[in-house]
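So this block is final.cif, mmCIF, C-alpha atoms:
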```cif
data_work
#
loop_
_atom_site.group_PDB
_atom_site.id
_atom_site.type_symbol
_atom_site.label_atom_id
_atom_site.label_comp_id
_atom_site.auth_asym_id
_atom_site.auth_seq_id
_atom_site.Cartn_x
_atom_site.Cartn_y
_atom_site.Cartn_z
ATOM 1 C CA MET A 1 -25.138 25.540 12.951
ATOM 2 C CA SER A 2 -25.837 22.840 15.582
ATOM 3 C CA GLU A 3 -26.143 20.181 12.870
ATOM 4 C CA HIS A 4 -22.727 21.158 11.511
ATOM 5 C CA CYS A 5 -21.199 20.964 15.011
ATOM 6 C CA ASN A 6 -22.759 17.561 15.636
ATOM 7 C CA ASP A 7 -21.466 16.296 12.287
ATOM 8 C CA THR A 8 -17.975 17.582 13.068
ATOM 9 C CA ALA A 9 -18.039 15.893 16.490
ATOM 10 C CA HIS A 10 -19.257 12.649 14.882
ATOM 11 C CA ARG A 11 -16.379 12.691 12.393
ATOM 12 C CA ARG A 12 -13.871 13.315 15.190
ATOM 13 C CA ASN A 13 -15.217 10.266 17.033
ATOM 14 C CA MET A 14 -14.425 8.146 13.961
ATOM 15 C CA LEU A 15 -10.769 9.228 13.880
ATOM 16 C CA PRO A 16 -7.988 7.644 15.974
ATOM 17 C CA SER A 17 -8.266 8.786 19.598
ATOM 18 C CA LYS A 18 -5.489 10.557 21.480
ATOM 19 C CA GLU A 19 -5.310 7.521 23.789
ATOM 20 C CA THR A 20 -4.397 5.229 20.895
ATOM 21 C CA ALA A 21 -1.026 5.366 19.140
ATOM 22 C CA THR A 22 -1.747 4.787 15.432
ATOM 23 C CA ILE A 23 0.709 4.386 12.575
ATOM 24 C CA VAL A 24 0.655 3.347 8.924
ATOM 25 C CA VAL A 25 3.483 1.062 7.761
ATOM 26 C CA ALA A 26 4.159 1.754 4.065
ATOM 27 C CA ALA A 27 6.919 1.354 1.475
ATOM 28 C CA PRO A 28 7.909 2.608 -1.989
ATOM 29 C CA SER A 29 6.904 -0.752 -3.498
ATOM 30 C CA SER A 30 5.814 -4.306 -2.785
ATOM 31 C CA GLY A 31 8.541 -6.616 -1.511
ATOM 32 C CA SER A 32 10.225 -3.912 0.590
ATOM 33 C CA GLY A 33 9.476 -5.530 3.957
ATOM 34 C CA LYS A 34 6.162 -3.934 5.060
ATOM 35 C CA THR A 35 4.728 -7.169 6.417
ATOM 36 C CA THR A 36 7.970 -8.114 8.172
ATOM 37 C CA VAL A 37 8.177 -4.739 9.939
ATOM 38 C CA THR A 38 4.442 -4.732 10.702
ATOM 39 C CA CYS A 39 4.532 -8.200 12.253
ATOM 40 C CA GLY A 40 7.672 -7.308 14.212
ATOM 41 C CA LEU A 41 5.958 -4.254 15.690
ATOM 42 C CA ILE A 42 2.786 -6.207 16.477
ATOM 43 C CA ALA A 43 4.708 -8.935 18.300
ATOM 44 C CA ALA A 44 6.936 -6.440 20.152
ATOM 45 C CA PHE A 45 4.017 -4.345 21.410
ATOM 46 C CA ALA A 46 2.002 -7.422 22.374
ATOM 47 C CA ALA A 47 5.005 -8.834 24.255
ATOM 48 C CA ARG A 48 5.008 -5.632 26.327
ATOM 49 C CA GLY A 49 1.384 -6.166 27.320
ATOM 50 C CA LEU A 50 -0.131 -3.555 25.019
ATOM 51 C CA ASP A 51 -3.503 -4.069 23.375
ATOM 52 C CA VAL A 52 -2.691 -4.067 19.636
ATOM 53 C CA LEU A 53 -5.223 -3.790 16.814
ATOM 54 C CA CYS A 54 -4.325 -4.409 13.166
ATOM 55 C CA PHE A 55 -5.594 -3.076 9.854
ATOM 56 C CA LYS A 56 -4.662 -3.689 6.220
ATOM 57 C CA CYS A 57 -5.035 -1.293 3.298
ATOM 58 C CA GLY A 58 -6.719 -2.918 0.324
ATOM 59 C CA PRO A 59 -8.628 -6.216 0.057
ATOM 60 C CA ASP A 60 -5.743 -8.526 1.052
ATOM 61 C CA PHE A 61 -6.569 -11.201 3.654
ATOM 62 C CA LEU A 62 -3.299 -13.164 3.787
ATOM 63 C CA ASP A 63 -1.411 -10.435 5.661
ATOM 64 C CA GLY A 64 -4.154 -10.460 8.281
ATOM 65 C CA MET A 65 -3.385 -14.104 9.021
ATOM 66 C CA GLN A 66 0.251 -13.155 9.579
ATOM 67 C CA HIS A 67 -0.827 -10.300 11.847
ATOM 68 C CA ALA A 68 -2.815 -12.766 13.964
ATOM 69 C CA ALA A 69 0.175 -15.101 14.206
ATOM 70 C CA ALA A 70 2.457 -12.205 15.241
ATOM 71 C CA LEU A 71 -0.023 -11.050 17.871
ATOM 72 C CA ASN A 72 -0.285 -14.550 19.280
ATOM 73 C CA ALA A 73 3.515 -14.917 19.265
ATOM 74 C CA GLY A 74 3.935 -11.638 21.153
ATOM 75 C CA ARG A 75 1.427 -12.655 23.787
ATOM 76 C CA CYS A 76 3.076 -16.046 24.175
ATOM 77 C CA MET A 77 6.451 -14.320 24.623
ATOM 78 C CA ARG A 78 4.990 -12.144 27.324
ATOM 79 C CA ARG A 79 3.445 -15.122 29.068
ATOM 80 C CA SER A 80 6.621 -17.224 28.935
ATOM 81 C CA GLU A 81 9.016 -14.426 29.942
ATOM 82 C CA GLY A 82 6.777 -12.808 32.557
ATOM 83 C CA THR A 83 7.443 -9.324 31.144
ATOM 84 C CA SER A 84 6.019 -6.523 33.272
ATOM 85 C CA GLY A 85 3.681 -4.008 31.684
ATOM 86 C CA GLY A 86 0.467 -2.058 32.020
ATOM 87 C CA ARG A 87 -1.781 -5.069 32.609
ATOM 88 C CA SER A 88 -1.658 -7.590 35.452
ATOM 89 C CA SER A 89 -0.134 -11.019 34.840
ATOM 90 C CA ASP A 90 -3.475 -12.699 35.555
ATOM 91 C CA ASP A 91 -5.223 -10.561 32.940
ATOM 92 C CA ASP A 92 -2.453 -11.258 30.458
ATOM 93 C CA GLU A 93 -2.620 -15.041 30.991
ATOM 94 C CA ASP A 94 -6.377 -14.925 30.483
ATOM 95 C CA ALA A 95 -5.980 -12.862 27.312
ATOM 96 C CA SER A 96 -3.303 -15.193 25.948
ATOM 97 C CA SER A 97 -5.326 -18.338 26.553
ATOM 98 C CA GLU A 98 -8.452 -16.738 25.102
ATOM 99 C CA PHE A 99 -6.593 -15.610 22.005
ATOM 100 C CA GLU A 100 -5.514 -19.156 21.252
ATOM 101 C CA ASN A 101 -9.075 -20.178 20.438
ATOM 102 C CA GLY A 102 -10.757 -19.361 17.135
ATOM 103 C CA GLU A 103 -13.464 -17.058 18.511
ATOM 104 C CA ALA A 104 -10.960 -14.700 20.115
ATOM 105 C CA MET A 105 -8.866 -14.707 16.938
ATOM 106 C CA MET A 106 -11.920 -13.551 14.992
ATOM 107 C CA GLN A 107 -12.392 -10.661 17.459
ATOM 108 C CA GLN A 108 -8.769 -9.677 16.834
ATOM 109 C CA ARG A 109 -8.935 -10.097 13.058
ATOM 110 C CA THR A 110 -7.369 -7.518 10.792
ATOM 111 C CA ALA A 111 -9.909 -5.128 9.242
ATOM 112 C CA ASN A 112 -9.462 -3.867 5.679
ATOM 113 C CA LEU A 113 -9.456 -0.174 4.798
ATOM 114 C CA ASP A 114 -9.763 1.006 1.184
ATOM 115 C CA GLY A 115 -10.715 4.528 0.120
ATOM 116 C CA TRP A 116 -11.753 3.388 -3.355
ATOM 117 C CA MET A 117 -13.532 0.084 -2.705
ATOM 118 C CA GLN A 118 -15.368 1.419 0.350
ATOM 119 C CA GLY A 119 -16.629 4.322 -1.714
ATOM 120 C CA SER A 120 -16.104 7.253 0.658
ATOM 121 C CA ARG A 121 -13.886 8.784 3.302
ATOM 122 C CA GLU A 122 -16.673 8.392 5.847
ATOM 123 C CA ALA A 123 -16.814 4.640 5.199
ATOM 124 C CA VAL A 124 -13.086 4.325 5.919
ATOM 125 C CA ARG A 125 -13.421 6.329 9.141
ATOM 126 C CA SER A 126 -16.472 4.336 10.184
ATOM 127 C CA THR A 127 -14.755 0.984 9.603
ATOM 128 C CA PHE A 128 -11.732 2.128 11.597
ATOM 129 C CA SER A 129 -13.863 3.375 14.482
ATOM 130 C CA ARG A 130 -16.153 0.354 14.547
ATOM 131 C CA HIS A 131 -13.229 -2.062 14.643
ATOM 132 C CA ALA A 132 -11.250 -0.008 17.164
ATOM 133 C CA HIS A 133 -14.155 0.093 19.630
ATOM 134 C CA ALA A 134 -15.571 -3.396 18.998
ATOM 135 C CA ARG A 135 -14.289 -4.669 22.338
ATOM 136 C CA GLY A 136 -15.679 -1.862 24.449
ATOM 137 C CA GLY A 137 -12.748 0.541 24.528
ATOM 138 C CA PRO A 138 -9.915 1.893 22.390
ATOM 139 C CA PRO A 139 -6.766 -0.234 22.012
ATOM 140 C CA ASP A 140 -3.324 0.984 23.051
ATOM 141 C CA VAL A 141 -1.871 0.712 19.541
ATOM 142 C CA CYS A 142 -3.328 0.529 16.021
ATOM 143 C CA ILE A 143 -1.025 -0.603 13.214
ATOM 144 C CA ILE A 144 -2.190 -0.188 9.620
ATOM 145 C CA GLU A 145 -0.192 -2.099 7.019
ATOM 146 C CA GLY A 146 -0.150 -0.487 3.600
ATOM 147 C CA VAL A 147 -0.589 -2.024 0.169
ATOM 148 C CA MET A 148 1.944 -1.958 -2.707
ATOM 149 C CA GLY A 149 3.769 1.396 -2.846
ATOM 150 C CA LEU A 150 2.659 4.287 -0.635
ATOM 151 C CA HIS A 151 1.042 6.244 -3.488
ATOM 152 C CA ASP A 152 -0.101 3.291 -5.639
ATOM 153 C CA GLY A 153 -3.861 3.132 -6.101
ATOM 154 C CA ARG A 154 -6.493 2.613 -8.755
ATOM 155 C CA ASN A 155 -4.846 4.949 -11.263
ATOM 156 C CA GLY A 156 -1.605 6.777 -11.899
ATOM 157 C CA THR A 157 -2.860 10.310 -11.375
ATOM 158 C CA THR A 158 -4.427 10.356 -7.856
ATOM 159 C CA ASP A 159 -4.053 8.758 -4.418
ATOM 160 C CA ASP A 160 -7.473 7.118 -4.818
ATOM 161 C CA GLY A 161 -7.342 3.609 -3.340
ATOM 162 C CA SER A 162 -3.794 4.020 -2.023
ATOM 163 C CA THR A 163 -2.157 3.687 1.372
ATOM 164 C CA ALA A 164 -1.458 7.436 1.300
ATOM 165 C CA GLN A 165 -5.172 8.112 0.928
ATOM 166 C CA VAL A 166 -6.015 6.035 4.024
ATOM 167 C CA ALA A 167 -3.303 7.817 6.034
ATOM 168 C CA LYS A 168 -4.697 11.201 4.974
ATOM 169 C CA ILE A 169 -8.301 10.220 5.732
ATOM 170 C CA LEU A 170 -7.412 9.083 9.253
ATOM 171 C CA GLY A 171 -4.788 11.782 9.812
ATOM 172 C CA VAL A 172 -2.080 9.376 11.005
ATOM 173 C CA PRO A 173 1.700 9.334 10.414
ATOM 174 C CA VAL A 174 3.446 6.988 7.995
ATOM 175 C CA LEU A 175 6.455 4.802 8.743
ATOM 176 C CA LEU A 176 8.214 4.310 5.391
ATOM 177 C CA VAL A 177 10.046 0.992 5.041
ATOM 178 C CA VAL A 178 12.792 1.397 2.436
ATOM 179 C CA ASP A 179 14.878 -1.451 1.018
ATOM 180 C CA ALA A 180 18.335 0.115 1.268
ATOM 181 C CA SER A 181 20.201 -2.767 -0.331
ATOM 182 C CA LYS A 182 22.518 -1.868 -3.226
ATOM 183 C CA CYS A 183 22.353 1.884 -2.527
ATOM 184 C CA ALA A 184 23.573 4.511 -0.059
ATOM 185 C CA ARG A 185 22.786 8.251 -0.174
ATOM 186 C CA SER A 186 20.003 7.644 -2.695
ATOM 187 C CA VAL A 187 17.872 6.266 0.149
ATOM 188 C CA ALA A 188 17.589 9.833 1.482
ATOM 189 C CA ALA A 189 16.236 11.025 -1.872
ATOM 190 C CA THR A 190 13.687 8.212 -1.902
ATOM 191 C CA ALA A 191 12.462 9.065 1.591
ATOM 192 C CA LEU A 192 12.378 12.805 0.875
ATOM 193 C CA GLY A 193 10.501 12.246 -2.363
ATOM 194 C CA HIS A 194 7.791 10.223 -0.630
ATOM 195 C CA ALA A 195 7.491 12.757 2.179
ATOM 196 C CA SER A 196 7.039 15.712 -0.182
ATOM 197 C CA PHE A 197 5.119 14.080 -3.053
#
```

Output the file's structure in the form of structure tokens.
Amino acid sequence: MSEHCNDTAHRRNMLPSKETATIVVAAPSSGSGKTTVTCGLIAAFAARGLDVLCFKCGPDFLDGMQHAAALNAGRCMRRSEGTSGGRSSDDDEDASSEFENGEAMMQQRTANLDGWMQGSREAVRSTFSRHAHARGGPPDVCIIEGVMGLHDGRNGTTDDGSTAQVAKILGVPVLLVVDASKCARSVAATALGHASF
């Protein structure tokens, strides 16, 4: 009984904390604007003085470089505009100058999450937790950018290796980015279909 309780507590510790707002940015397909929306959110939150941590579903490393650039841009905006927020201006200036060197950028690097390549749900949770607490405390915001379409994974019959699988493993909500060009009411059907699939 005690072992089961300890295991349950351990798994809870590897999930997003209540202090950290966490969201998955997904889409029905590639090319829908996931990276654009993700980078916009990263820069906007960073410009408000929030501590933002980024993740990417799948093995992609190029999006992580864009995440780092967006984070740096948001911090530079905050520094240049003197936006008020939760942290002091002195702390923010220190953080901005530190982030501009390579070592700090490595500490802020985007971590990859993949339910298929990592082999287990526990591995995904562990990677999330390890990255989220690498700097001594939980961040204010975690943004997880999806890969391909929300339900696209290693095969056509399960969510294995998909963005949806990562969202389910971590128990976090999904922001669906839909390209609404050349359509109208059909966008509602697309969103409803993804929500109920």

Name the residues captured by the PyMOL selection byres ((chain A and resi 113) around 10) when it is applied to the shown file; answer as a short mmCIF file (atom, residue, chain, number, x, y, z; two decimals) with C-alpha atoms, in the coordinates of the input.
```
data_model
loop_
_atom_site.label_atom_id
_atom_site.label_comp_id
_atom_site.auth_asym_id
_atom_site.auth_seq_id
_atom_site.Cartn_x
_atom_site.Cartn_y
_atom_site.Cartn_z
CA PHE A 55 -5.59 -3.08 9.85
CA LYS A 56 -4.66 -3.69 6.22
CA CYS A 57 -5.04 -1.29 3.30
CA GLY A 58 -6.72 -2.92 0.32
CA PRO A 59 -8.63 -6.22 0.06
CA ASP A 60 -5.74 -8.53 1.05
CA THR A 110 -7.37 -7.52 10.79
CA ALA A 111 -9.91 -5.13 9.24
CA ASN A 112 -9.46 -3.87 5.68
CA ASP A 114 -9.76 1.01 1.18
CA GLY A 115 -10.72 4.53 0.12
CA TRP A 116 -11.75 3.39 -3.36
CA MET A 117 -13.53 0.08 -2.70
CA GLN A 118 -15.37 1.42 0.35
CA ALA A 123 -16.81 4.64 5.20
CA VAL A 124 -13.09 4.32 5.92
CA ARG A 125 -13.42 6.33 9.14
CA SER A 126 -16.47 4.34 10.18
CA THR A 127 -14.76 0.98 9.60
CA PHE A 128 -11.73 2.13 11.60
CA ILE A 144 -2.19 -0.19 9.62
CA GLU A 145 -0.19 -2.10 7.02
CA GLY A 146 -0.15 -0.49 3.60
CA GLY A 161 -7.34 3.61 -3.34
CA SER A 162 -3.79 4.02 -2.02
CA THR A 163 -2.16 3.69 1.37
CA VAL A 166 -6.02 6.04 4.02
#
```

Test item: the PyMOL selection byres ((chain A and resi 194) around 10) resolved as a list of chain:residue names: A:Ala27, A:Pro28, A:Gly149, A:Leu150, A:His151, A:Ala164, A:Leu176, A:Ala189, A:Thr190, A:Ala191, A:Leu192, A:Gly193, A:Ala195, A:Ser196, A:Phe197

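Between atom CA of A:Ile42 and atom CA of A:Arg78 the separation is 12.6 Å.
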
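Atom pair atom CA of A:Met65 / atom CA of A:Met77 has a distance of 18.4 Å (rounded to one decimal).
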
Residues within 10 Å of A:Gly171, only C-alpha atoms, excluding chain neighbours under 2 positions, as a VMD selection string: chain A and resid 15 to 16 22 to 23 165 to 169 173 to 174

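Between A:Arg48 and the candidates A:Gly31, A:Gly64, A:Gly156, A:Gly74, the tightest atom-to-atom separation, counting all atoms listed in the file, involves A:Gly74.
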